[in-house]
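Colleague: My file is work_2.txt. It has compact mmCIF, C-alpha atoms:
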# COMPACT_ATOMS: atom_id res chain seq x y z
CA MET A 1 32.33 -43.23 -26.58
CA ALA A 2 28.86 -41.94 -25.72
CA ASP A 3 27.35 -38.85 -27.28
CA LEU A 4 29.07 -35.69 -26.11
CA THR A 5 27.49 -32.43 -25.01
CA ILE A 6 28.72 -29.22 -26.59
CA GLY A 7 30.51 -28.39 -23.34
CA GLU A 8 32.36 -31.70 -23.37
CA VAL A 9 33.35 -31.26 -27.01
CA ALA A 10 34.58 -27.73 -26.37
CA ARG A 11 36.55 -28.75 -23.28
CA ARG A 12 38.22 -31.69 -25.01
CA ALA A 13 39.07 -29.54 -28.04
CA GLY A 14 40.35 -26.68 -25.88
CA MET A 15 37.93 -24.09 -27.21
CA ASN A 16 34.78 -22.25 -26.24
CA ALA A 17 31.38 -23.77 -27.00
CA SER A 18 30.64 -20.66 -29.09
CA VAL A 19 33.40 -21.73 -31.51
CA VAL A 20 31.79 -25.15 -31.91
CA ARG A 21 28.43 -23.48 -32.61
CA TYR A 22 30.10 -21.11 -35.09
CA TYR A 23 31.74 -23.98 -36.97
CA GLU A 24 28.36 -25.71 -37.06
CA SER A 25 26.66 -22.57 -38.43
CA MET A 26 29.33 -22.28 -41.15
CA GLY A 27 28.76 -25.87 -42.20
CA LEU A 28 32.17 -27.10 -41.05
CA LEU A 29 30.49 -29.44 -38.59
CA PRO A 30 27.29 -31.33 -39.31
CA ALA A 31 24.23 -30.40 -37.29
CA PRO A 32 24.26 -32.69 -34.26
CA LYS A 33 21.32 -34.70 -33.10
CA ARG A 34 19.25 -33.17 -30.34
CA VAL A 35 18.21 -34.81 -27.10
CA ASN A 36 15.67 -32.79 -25.13
CA GLY A 37 16.74 -29.74 -27.14
CA HIS A 38 20.44 -30.15 -26.32
CA ARG A 39 23.15 -30.84 -28.89
CA ARG A 40 24.70 -34.31 -28.78
CA TYR A 41 27.81 -34.93 -30.85
CA GLY A 42 29.32 -38.23 -31.87
CA ALA A 43 32.99 -38.96 -31.29
CA ASP A 44 33.75 -38.18 -34.95
CA VAL A 45 33.34 -34.46 -34.24
CA MET A 46 36.62 -34.51 -32.31
CA GLN A 47 38.49 -35.69 -35.41
CA LYS A 48 36.90 -32.95 -37.52
CA LEU A 49 37.85 -30.31 -34.96
CA SER A 50 41.44 -31.60 -34.99
CA ILE A 51 41.53 -31.34 -38.78
CA ILE A 52 40.11 -27.81 -38.66
CA ALA A 53 42.73 -26.75 -36.10
CA PHE A 54 45.54 -28.35 -38.13
CA ALA A 55 44.36 -26.71 -41.36
CA GLN A 56 44.11 -23.31 -39.67
CA LYS A 57 47.67 -23.64 -38.36
CA ALA A 58 48.74 -24.49 -41.93
CA GLY A 59 47.24 -21.19 -43.07
CA PHE A 60 43.91 -22.27 -44.55
CA THR A 61 40.87 -20.04 -44.04
CA LEU A 62 37.63 -21.46 -42.69
CA THR A 63 36.07 -21.06 -46.14
CA GLU A 64 38.89 -23.08 -47.68
CA ILE A 65 38.52 -25.74 -45.01
CA LYS A 66 34.79 -25.96 -45.71
CA THR A 67 35.55 -26.45 -49.42
CA LEU A 68 38.06 -29.16 -48.52
CA PHE A 69 35.48 -30.98 -46.39
CA GLN A 70 32.88 -30.74 -49.16
CA GLY A 71 35.34 -32.26 -51.62
CA ILE A 72 36.14 -35.14 -49.27
CA GLU A 73 32.46 -35.84 -48.52
CA ALA A 74 31.61 -35.82 -52.24
CA GLN A 75 34.09 -38.65 -52.81
CA VAL A 76 32.89 -40.84 -49.93
Could you render the structure as C-alpha cells?

Modeller:
Amino acid sequence: MADLTIGEVARRAGMNASVVRYYESMGLLPAPKRVNGHRRYGADVMQKLSIIAFAQKAGFTLTEIKTLFQGIEAQV
C-alpha cells in the first residue's frame, strides 16, 4: 500500500483528521514523513489506530494506551 494522506487515514479509520493529528501530538502515533509539507503515513498507522480504538472500547484512557505502546516499543 502506498503512503496515505491524513484524509485517507481518517476516512479509512472512520474518524476526523483532527483526531489523527491529536493522537500524533500525544505521541500515540509516530510523526509521519512529510512530502511537500503534507503528512504521509505508512500502512502500519491503520493497525495502530485499530489498537487505539479497541483499547478505548475496553476502557483504557489515551494516557494508558500511550504507556502500553511505549512498553511494547521498548521490547522490540

Colleague: Just checking: using all atoms listed in the file, which residue out of A:Ile72, A:Ile51, A:Ile65, A:Ile6 ends up closest to A:Pro32?

Modeller: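 Answer, going by the shortest atom-to-atom distance: A:Ile6.
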
Colleague: Which residue out of A:Met26, A:His38, A:Ala10, A:Lys48 has the minimum interatomic distance to A:Thr63 when only C-alpha atoms are used?

Modeller: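 The closest residue to A:Thr63 is A:Met26.
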
Colleague: Give as a PyMOL selection string every residue, naming chains and numbers as the document does, that has an atom within 8 Å of (30.4, -22.6, -45.3), counting only C-alpha atoms.

Modeller: chain A and resi 25-28+62-63+66-67

Colleague: Rounded to one decimal in Å, what is the spacing between atom CA of A:Glu24 and atom CA of A:Arg40?

Modeller: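 Value for the atom CA of A:Glu24-atom CA of A:Arg40 distance: 12.5 Å.
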
Colleague: Within 12 Å of A:Gly14, counting only C-alpha atoms, which residues qualify if same-chain residues fewer than 4 places away don't, as a VMD selection string?

Modeller: chain A and resid 6 to 10 18 to 20 46 49 to 50 53

Colleague: Using only the atoms of stretch 27-44 of chain A listed in the file, plus 4 Å on each side, state the axis-aligned box centre and edge lengths in Å rounded to one decimal, as AutoDock Vina command-line options.

Modeller:
--center_x 24.7 --center_y -32.4 --center_z -33.7 --size_x 26.1 --size_y 21.1 --size_z 25.1

Colleague: Just the number, please: distance in Å from atom CA of A:Phe69 to atom CA of A:Arg11, one decimal.

Modeller: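 According to the coordinates, atom CA of A:Phe69 and atom CA of A:Arg11 are separated by 23.2 Å.
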
Colleague: Just how far from atom CA of A:Asn36 is atom CA of A:Ile52, in Å to one decimal?

Modeller: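 Atom CA of A:Asn36 lies 28.4 Å from atom CA of A:Ile52.
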
Colleague: Determine, counting all atoms listed in the file, which protein, DNA and RNA residues have an atom within 8 Å of an atom of A:Gly42; residues of the same chain fewer than 2 positions away are not included. Present the result as a compact mmCIF listing (two decimals) with C-alpha atoms, in the coordinates of the input.

Modeller:
# COMPACT_ATOMS: atom_id res chain seq x y z
CA MET A 1 32.33 -43.23 -26.58
CA ALA A 2 28.86 -41.94 -25.72
CA ASP A 3 27.35 -38.85 -27.28
CA LEU A 4 29.07 -35.69 -26.11
CA PRO A 32 24.26 -32.69 -34.26
CA ARG A 40 24.70 -34.31 -28.78
CA ASP A 44 33.75 -38.18 -34.95
CA VAL A 45 33.34 -34.46 -34.24

Colleague: Could stretch 20-35 of chain A be completed with N, CA and C atoms and written as a CSV table (one decimal), in the frame of the given file, please?

Modeller:
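Just written: part04.csv:
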chain,number,residue,atom,x,y,z
A,20,VAL,N,32.4,-23.9,-31.4
A,20,VAL,CA,31.8,-25.2,-31.9
A,20,VAL,C,30.5,-24.8,-32.6
A,21,ARG,N,29.7,-23.9,-32.0
A,21,ARG,CA,28.4,-23.5,-32.6
A,21,ARG,C,28.7,-22.7,-33.9
A,22,TYR,N,29.7,-21.9,-33.9
A,22,TYR,CA,30.1,-21.1,-35.1
A,22,TYR,C,30.5,-22.0,-36.2
A,23,TYR,N,31.3,-23.0,-35.9
A,23,TYR,CA,31.7,-24.0,-37.0
A,23,TYR,C,30.5,-24.7,-37.5
A,24,GLU,N,29.6,-25.0,-36.6
A,24,GLU,CA,28.4,-25.7,-37.1
A,24,GLU,C,27.6,-24.8,-38.0
A,25,SER,N,27.4,-23.5,-37.6
A,25,SER,CA,26.7,-22.6,-38.4
A,25,SER,C,27.3,-22.3,-39.8
A,26,MET,N,28.6,-22.4,-39.9
A,26,MET,CA,29.3,-22.3,-41.2
A,26,MET,C,29.3,-23.5,-42.0
A,27,GLY,N,28.8,-24.6,-41.5
A,27,GLY,CA,28.8,-25.9,-42.2
A,27,GLY,C,30.0,-26.7,-42.1
A,28,LEU,N,31.0,-26.3,-41.2
A,28,LEU,CA,32.2,-27.1,-41.0
A,28,LEU,C,31.9,-28.4,-40.2
A,29,LEU,N,30.9,-28.3,-39.4
A,29,LEU,CA,30.5,-29.4,-38.6
A,29,LEU,C,29.0,-29.7,-38.9
A,30,PRO,N,28.7,-31.0,-39.0
A,30,PRO,CA,27.3,-31.3,-39.3
A,30,PRO,C,26.4,-31.0,-38.1
A,31,ALA,N,25.2,-30.7,-38.4
A,31,ALA,CA,24.2,-30.4,-37.3
A,31,ALA,C,24.1,-31.7,-36.4
A,32,PRO,N,24.3,-31.5,-35.1
A,32,PRO,CA,24.3,-32.7,-34.3
A,32,PRO,C,22.8,-33.1,-34.0
A,33,LYS,N,22.7,-34.3,-33.5
A,33,LYS,CA,21.3,-34.7,-33.1
A,33,LYS,C,21.0,-33.9,-31.8
A,34,ARG,N,19.7,-33.9,-31.5
A,34,ARG,CA,19.2,-33.2,-30.3
A,34,ARG,C,18.6,-34.2,-29.4
A,35,VAL,N,18.9,-34.0,-28.1
A,35,VAL,CA,18.2,-34.8,-27.1
A,35,VAL,C,17.7,-33.8,-26.1
